[in-house]
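Written out below as structure tokens is the structure these notes cover.
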Amino acid sequence: MLTRQVLFMIFAFIVSFAFTFATTPLVRRFAFKIGAIDIPKDNRRMHKKPTPRIGGLAIIFGFTVATLCFAQPSRQLYGTLAGAAIIAVMGVIDDCKNLPAKLKFVIQIIAALVVVFAGNIKIDVFTNPNFLSDNPYWVLPEWLSVTLTVIWIVFITNAVNFIDGLDGLAAGVSAIMSISLVFISIRVGEYSIAILGIALMGSCFGFLPFNFNPAKIFMGDTGSTFLGFMLATLSIQGVFKSYAVISFAVPLLILGLPLFDALFAMIRRILRGQSPMTADRGHLHHRLVDMGFSQKQTVFILYAISGVLGITAVLLAESGVLRALLLVICVLILLLIGSMLGKNSYVHQHQDNRNLTDDNDIEVEEVSDKKGNEDK
């Protein structure tokens, strides 16, 4: 690695961190002025008091300044930034006005298409699952390449948005995923992607001091959709392109936590006859809280899971499939156990609440009977 590139990465982190950290209090004041406030009005929300929710503006600002200063100009960069700008504008409007889900979905598709055609960023090669074939890769036709790329970007964008349910969760997990992308990008010589990943990581770290529980400000859809969009786009450029042999497994692992949480959430809602975009209280972080973990404990547990998945992706890229598979199996077992415990805990909690209600009813009846006897 060249000294100049190392210095650019260091400065990209410092600049993105500093600008995000410095502008977050200003964004907080601005949110109060324009009324971009998240009011706890249902049981999905874990906060207890109204909190400003356009903190993502500070993340975007820090990332953009660092990118424009240190990233190498290219068609891919300009296409990525153009798509990200569309997502950012949509997020700000949504945090202020609550846009309909269908409209947001259409805007996300448009932003993804901008990345594909303006930035020429596509998933165009897959590993051939037929190990007996002489051709190790599948080169996708143009229409399929565009379709898969748009689906990937839109899905990851929403997946990161879905996990933004606890203080510090989305920002911390996004930082961890960025670190994994940076490691792999550096390993294969994609330094331009590494700089973008480091800038994204720095902006997340700059925002976290204000977002840890109890949060002074939320990133809102402004931040969560922007982070998801950037992670999805960077993974296509830095991982799909570089690791064609394992092109599908590595990004799936790096983005595994939000990806699988969103996938299971959508399947759960469809089986219930609901829209897959309907909000509910069934995400992994909700289940962990229902198990009895505090918000901080839940966040650090999910940090650990995301970190393990990131390390697994790096191992898969560096050390081969066997070690990575063993680590993945261990993580999946832990997730399965946690999910089962969470379900049982949730059931027991409701049973306890029901029993408590029944006991209260009995006590009320006894008091009523006693009072009636005394009157007689």
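The chains in the structure tokens are called A, B, ... from first to last as shown; in each chain the residues are counted from 1, and the ligands are counted from 1 in the order shown.
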Using only C-alpha atoms, determine which residues lie at most 6 Å from stretch 47-61 of chain A, disregarding the query and same-chain residues fewer than 6 positions distant; provide the list as a ChimeraX atom specification.
/A:20,23-24,31,36-39,203,217-220,222-223
May I have all residues of stretch 12-213 of chain A that DSSP, computed from the backbone, assigns to alpha helix (DSSP H), given as a PyMOL selection string?
chain A and resi 12-34+56-70+75-97+101-118+142-162+169-187+191-211
Just asking: which residues within stretch 29-132 of chain A are strand (DSSP E or B) according to DSSP, as a count of residues only?
7
Which of these residues is nearest to A:Phe21, using only C-alpha atoms: A:Asn211, A:Thr225, A:Ser178, A:Gln295?
A:Asn211
Excluding stretch 297-313 of chain A and residues on its chain fewer than 4 positions from it, collect all residues at most 7 Å away from it, counting only C-alpha atoms, and give them as a ChimeraX atom specification.
/A:169,172-173,176-177,180,250,253-254,256-257,285,288-289,293,317,324,327-328
Pull C-alpha atoms from the residues just selected and write them as a tab-separated table (two decimals), in the first residue's frame.
```tsv
chain	number	residue	atom	x	y	z
A	169	LEU	CA	-27.68	0.20	16.89
A	172	GLY	CA	-22.62	0.99	15.30
A	173	VAL	CA	-23.55	-1.96	13.10
A	176	ILE	CA	-18.67	-2.54	11.88
A	177	MET	CA	-19.86	-3.53	8.41
A	180	SER	CA	-15.16	-5.39	7.05
A	250	VAL	CA	-18.79	-12.47	1.30
A	253	LEU	CA	-21.86	-12.27	5.55
A	254	ILE	CA	-20.70	-8.68	5.90
A	256	GLY	CA	-25.70	-10.50	7.34
A	257	LEU	CA	-27.29	-9.01	10.46
A	285	HIS	CA	-33.50	-6.34	18.86
A	288	LEU	CA	-33.58	-9.53	22.89
A	289	VAL	CA	-35.20	-6.75	24.88
A	293	PHE	CA	-31.70	-7.54	28.22
A	317	ALA	CA	-11.80	-14.22	1.66
A	324	ALA	CA	-15.50	-19.50	7.58
A	327	LEU	CA	-17.70	-19.85	12.23
A	328	VAL	CA	-20.95	-19.30	10.35
```
Which is closest to A:Leu263 among A:Leu284, A:Val116, A:Met201, A:Met90, if we use only C-alpha atoms?
A:Leu284
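Here atom CA of A:Ala199 and atom CA of A:Ala66 stand 6.0 Å from one another.
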